[in-house]
file entry_25.tsv (TSV, C-alpha atoms)
chain	number	residue	atom	x	y	z
A	27	MET	CA	4.40	72.02	-17.32
A	28	ASN	CA	6.70	69.07	-18.08
A	29	CYS	CA	8.31	67.73	-14.88
A	30	GLN	CA	10.27	64.91	-16.52
A	31	PRO	CA	14.03	65.34	-16.68
A	32	PRO	CA	15.38	66.23	-20.13
A	33	VAL	CA	16.87	63.36	-22.11
A	34	PHE	CA	20.30	64.01	-23.61
A	35	SER	CA	22.08	61.85	-26.14
A	36	ARG	CA	25.43	60.20	-25.59
A	37	GLN	CA	26.92	62.59	-28.15
A	38	TRP	CA	25.68	65.56	-26.11
A	39	TYR	CA	27.38	64.19	-22.96
A	40	LEU	CA	30.66	63.64	-24.85
A	41	CYS	CA	30.57	67.18	-26.22
A	42	ALA	CA	29.81	68.64	-22.78
A	43	ALA	CA	32.65	66.62	-21.25
A	44	ALA	CA	35.05	67.94	-23.90
A	45	VAL	CA	34.02	71.53	-23.18
A	46	VAL	CA	34.47	71.06	-19.42
A	47	ALA	CA	37.84	69.33	-19.90
A	48	SER	CA	39.16	72.06	-22.18
A	49	THR	CA	37.91	74.77	-19.81
A	50	VAL	CA	39.69	73.14	-16.88
A	51	ALA	CA	42.87	72.60	-18.93
A	52	TRP	CA	42.85	76.26	-20.02
A	53	GLY	CA	43.55	77.37	-16.46
A	54	GLN	CA	46.25	74.75	-15.74
A	55	PRO	CA	49.94	75.69	-15.48
A	56	GLY	CA	51.88	74.92	-18.62
A	57	HIS	CA	48.94	75.53	-20.92
A	58	ALA	CA	49.96	77.52	-23.97
A	59	ARG	CA	47.64	80.42	-23.15
A	60	GLY	CA	48.12	81.09	-19.47
A	61	PRO	CA	47.79	84.65	-18.21
A	62	GLU	CA	51.52	85.19	-18.71
A	63	ALA	CA	51.30	84.49	-22.47
A	64	PRO	CA	49.50	87.26	-24.35
A	65	ALA	CA	47.09	86.32	-27.12
A	66	PRO	CA	48.51	86.87	-30.61
A	67	ASP	CA	47.34	89.94	-32.48
A	68	ALA	CA	44.23	88.87	-34.39
A	69	LEU	CA	44.93	91.13	-37.36
A	70	GLN	CA	48.51	89.90	-37.72
A	71	THR	CA	47.29	86.30	-37.47
A	72	ALA	CA	44.69	86.90	-40.19
A	73	CYS	CA	47.17	88.70	-42.45
A	74	THR	CA	49.69	85.88	-42.08
A	75	ALA	CA	47.07	83.20	-42.74
A	76	LEU	CA	45.90	85.01	-45.89
A	77	HIS	CA	49.45	85.76	-47.08
A	78	ALA	CA	48.55	89.46	-47.12
A	79	PRO	CA	50.89	91.96	-45.47
A	80	PRO	CA	49.54	94.46	-42.94
A	81	VAL	CA	48.53	97.82	-44.41
A	82	LEU	CA	46.58	100.90	-43.48
A	83	GLN	CA	43.30	101.43	-45.30
A	84	VAL	CA	43.08	105.16	-45.92
A	85	SER	CA	39.87	106.83	-47.04
A	86	LEU	CA	39.98	110.47	-48.10
A	87	LEU	CA	36.50	112.01	-48.34
A	88	PHE	CA	35.94	114.91	-50.76
A	89	GLY	CA	32.77	116.97	-51.13
A	90	LEU	CA	32.16	118.30	-54.64
A	91	LYS	CA	30.02	121.36	-53.81
A	92	ARG	CA	31.91	124.63	-53.69
A	93	PRO	CA	31.10	127.34	-51.14
A	94	ASP	CA	30.25	129.76	-53.98
A	95	GLY	CA	27.41	127.45	-55.07
A	96	GLY	CA	29.34	125.84	-57.91
A	97	HIS	CA	30.59	122.27	-58.20
A	98	VAL	CA	33.97	120.67	-58.76
A	99	SER	CA	33.72	119.63	-62.41
A	100	ARG	CA	34.72	116.23	-63.74
A	101	ARG	CA	37.64	117.87	-65.53
A	102	ASP	CA	38.81	119.66	-62.36
A	103	TRP	CA	38.51	116.43	-60.37
A	104	ALA	CA	40.46	114.46	-62.99
A	105	ARG	CA	43.24	117.07	-62.99
A	106	PHE	CA	43.38	117.05	-59.20
A	107	VAL	CA	43.69	113.26	-59.10
A	108	ARG	CA	46.31	113.26	-61.89
A	109	ASP	CA	48.42	116.12	-60.53
A	110	THR	CA	48.04	115.78	-56.76
A	111	VAL	CA	47.06	112.24	-55.77
A	112	THR	CA	48.79	110.04	-58.34
A	113	PRO	CA	52.31	111.42	-57.73
A	114	ARG	CA	51.93	110.72	-54.00
A	115	PHE	CA	50.46	107.21	-54.42
A	116	PRO	CA	51.76	105.91	-57.75
A	117	ALA	CA	51.32	102.28	-56.65
A	118	GLY	CA	47.56	102.81	-56.91
A	119	PHE	CA	44.29	103.71	-55.24
A	120	SER	CA	40.56	103.52	-55.95
A	121	VAL	CA	38.10	106.34	-56.50
A	122	LEU	CA	34.49	105.79	-55.45
A	123	ARG	CA	31.56	108.02	-56.38
A	124	MET	CA	29.24	108.67	-53.47
A	125	THR	CA	26.64	111.00	-52.07
A	126	GLY	CA	27.78	112.48	-48.78
A	127	GLN	CA	25.65	113.83	-45.96
A	128	TRP	CA	26.68	115.98	-43.03
A	129	ARG	CA	25.25	118.51	-40.59
A	130	ASP	CA	26.36	122.13	-40.94
A	131	GLU	CA	27.56	123.11	-37.43
A	132	ARG	CA	26.60	126.78	-37.87
A	133	THR	CA	23.05	126.31	-39.20
A	134	GLY	CA	22.22	122.78	-38.07
A	135	ARG	CA	21.01	121.98	-41.60
A	136	ILE	CA	21.58	118.58	-43.17
A	137	ILE	CA	23.67	118.96	-46.32
A	138	ARG	CA	23.79	116.33	-49.06
A	139	GLU	CA	26.26	116.57	-51.90
A	140	PRO	CA	27.99	114.52	-54.54
A	141	SER	CA	31.26	113.24	-53.13
A	142	ARG	CA	34.30	111.15	-53.92
A	143	ILE	CA	36.25	108.77	-51.72
A	144	ILE	CA	39.82	107.92	-52.56
A	145	TRP	CA	40.66	104.59	-50.95
A	146	ILE	CA	44.32	103.67	-50.53
A	147	ALA	CA	45.87	100.50	-49.09
A	148	THR	CA	49.38	101.46	-48.02
A	149	PRO	CA	52.05	100.44	-45.56
A	150	LEU	CA	52.79	102.80	-42.70
A	151	THR	CA	55.84	104.78	-43.78
A	152	PRO	CA	57.46	107.87	-42.25
A	153	ASP	CA	56.26	110.03	-45.15
A	154	LEU	CA	52.61	108.86	-45.14
A	155	ARG	CA	51.26	111.73	-43.05
A	156	PRO	CA	52.89	114.49	-45.14
A	157	ARG	CA	51.63	112.88	-48.37
A	158	LEU	CA	48.06	112.69	-47.05
A	159	GLU	CA	48.17	116.21	-45.63
A	160	ALA	CA	49.48	117.59	-48.94
A	161	ILE	CA	46.49	116.08	-50.76
A	162	ARG	CA	44.01	117.38	-48.20
A	163	GLN	CA	45.52	120.86	-48.15
A	164	ALA	CA	45.69	121.09	-51.95
A	165	TYR	CA	42.01	120.17	-52.28
A	166	ARG	CA	40.92	122.64	-49.60
A	167	GLN	CA	42.87	125.46	-51.24
A	168	ARG	CA	42.02	124.67	-54.85
A	169	PHE	CA	38.29	124.20	-54.32
A	170	GLY	CA	37.62	126.41	-51.27
A	171	GLN	CA	36.64	123.53	-48.98
A	172	ASP	CA	36.56	123.68	-45.19
A	173	THR	CA	37.79	120.14	-44.80
A	174	VAL	CA	38.67	116.84	-46.44
A	175	GLY	CA	37.71	113.82	-44.36
A	176	LEU	CA	40.32	111.26	-43.37
A	177	VAL	CA	39.57	107.76	-42.06
A	178	ILE	CA	42.35	105.25	-41.37
A	179	THR	CA	41.75	101.59	-40.49
A	180	PRO	CA	44.31	98.81	-40.03
A	181	GLY	CA	43.99	95.87	-42.38
A	182	CYS	CA	45.89	93.59	-44.69
A	183	ALA	CA	46.02	93.44	-48.47
A	184	ALA	CA	47.47	91.41	-51.30
A	185	PHE	CA	47.34	92.39	-54.94
call {"tool": "encode", "arguments": {"input": "entry_25.tsv", "output": "structure tokens"}}
result
Amino acid sequence: MNCQPPVFSRQWYLCAAAVVASTVAWGQPGHARGPEAPAPDALQTACTALHAPPVLQVSLLFGLKRPDGGHVSRRDWARFVRDTVTPRFPAGFSVLRMTGQWRDERTGRIIREPSRIIWIATPLTPDLRPRLEAIRQAYRQRFGQDTVGLVITPGCAAF
């Protein structure tokens, strides 16, 4: 066992002194971040720094297996996107091909199926919810699906 005191460089002492001084100053009255001044929203700060306005990142998750054992064909999918999604989000979106997995609540079985995700970066507007619900409802009705997944995450985007 080494009983000699550790040897620190002058640079280490200067760095430690700076950390202690800033920690002490942080709690002093008049400091810019006292308890009375809330921290700025990190997302807004990042969006501003990147010159990218705040948006919602919306992911709609579509399974392509039909309850009758069939599949949503490429042609049916293309028509659905053209007729249902595009009119509601004409500014644009992305379609990703995926394989989805989920547990059937009735049987407990793991189900895997070809899937699509439509990813949309959009501002929060009063009509956003009805547009998303119209897409989800149309898909459920047209293809006999129990659900269409919806995931919304705040973010920022510039195009």
call {"tool": "atom_distance", "arguments": {"input": "entry_25.tsv", "atom1": "CA of Pro79 (chain A)", "atom2": "CA of Gly181 (chain A)"}}
result
8.5 Å
call {"tool": "residues_near_point", "arguments": {"input": "entry_25.tsv", "point": "(54.9, 101.2, -53.8)", "cutoff": "9 Å", "atoms": "only C-alpha atoms", "output": "NGL selection string"}}
result
:A and (115-118 or 148-149)
call {"tool": "residues_around", "arguments": {"input": "entry_25.tsv", "residues": "Arg157 (chain A)", "least_positions_apart": "4", "cutoff": "7 Å", "atoms": "all atoms listed in the file", "output": "MDAnalysis selection string"}}
result
chainID A and resid 114 153 161
call {"tool": "write_last_selection", "arguments": {"input": "entry_25.tsv", "atoms": "C-alpha atoms", "output": "CSV table (one decimal), in the frame of the given file"}}
result
chain,number,residue,atom,x,y,z
A,114,ARG,CA,51.9,110.7,-54.0
A,153,ASP,CA,56.3,110.0,-45.2
A,161,ILE,CA,46.5,116.1,-50.8
call {"tool": "residues_near_point", "arguments": {"input": "entry_25.tsv", "point": "(49.5, 91.3, -48.2)", "cutoff": "12 Å", "atoms": "all atoms listed in the file", "output": "NGL selection string"}}
result
:A and (69-70 or 72-82 or 147-149 or 181-185)
call {"tool": "atom_distance", "arguments": {"input": "entry_25.tsv", "atom1": "CA of Thr125 (chain A)", "atom2": "CA of Arg142 (chain A)"}}
result
7.9 Å
call {"tool": "closest_residue", "arguments": {"input": "entry_25.tsv", "among": "A:Arg138, A:Arg168, A:Arg155, A:Arg162", "to": "Lys91 (chain A)", "atoms": "only C-alpha atoms"}}
result
A:Arg138
call {"tool": "closest_residue", "arguments": {"input": "entry_25.tsv", "among": "A:Ser141, A:Gln83, A:Thr151, A:Gln163", "to": "Thr110 (chain A)", "atoms": "all atoms listed in the file"}}
result
A:Gln163
call {"tool": "atom_distance", "arguments": {"input": "entry_25.tsv", "atom1": "CA of Phe169 (chain A)", "atom2": "CA of Phe88 (chain A)"}}
result
10.2 Å
call {"tool": "closest_residue", "arguments": {"input": "entry_25.tsv", "among": "A:Ile144, A:Val107, A:Leu87, A:Ala164", "to": "Leu122 (chain A)", "atoms": "all atoms listed in the file"}}
result
A:Ile144
call {"tool": "closest_residue", "arguments": {"input": "entry_25.tsv", "among": "A:Thr179, A:Tyr165, A:Gln127, A:Thr173", "to": "Asp109 (chain A)", "atoms": "only C-alpha atoms"}}
result
A:Tyr165
call {"tool": "residues_around", "arguments": {"input": "entry_25.tsv", "residues": "Ile178 (chain A)", "least_positions_apart": "2", "cutoff": "9 Å", "atoms": "all atoms listed in the file", "output": "ChimeraX atom specification"}}
result
/A:82-86,176,180
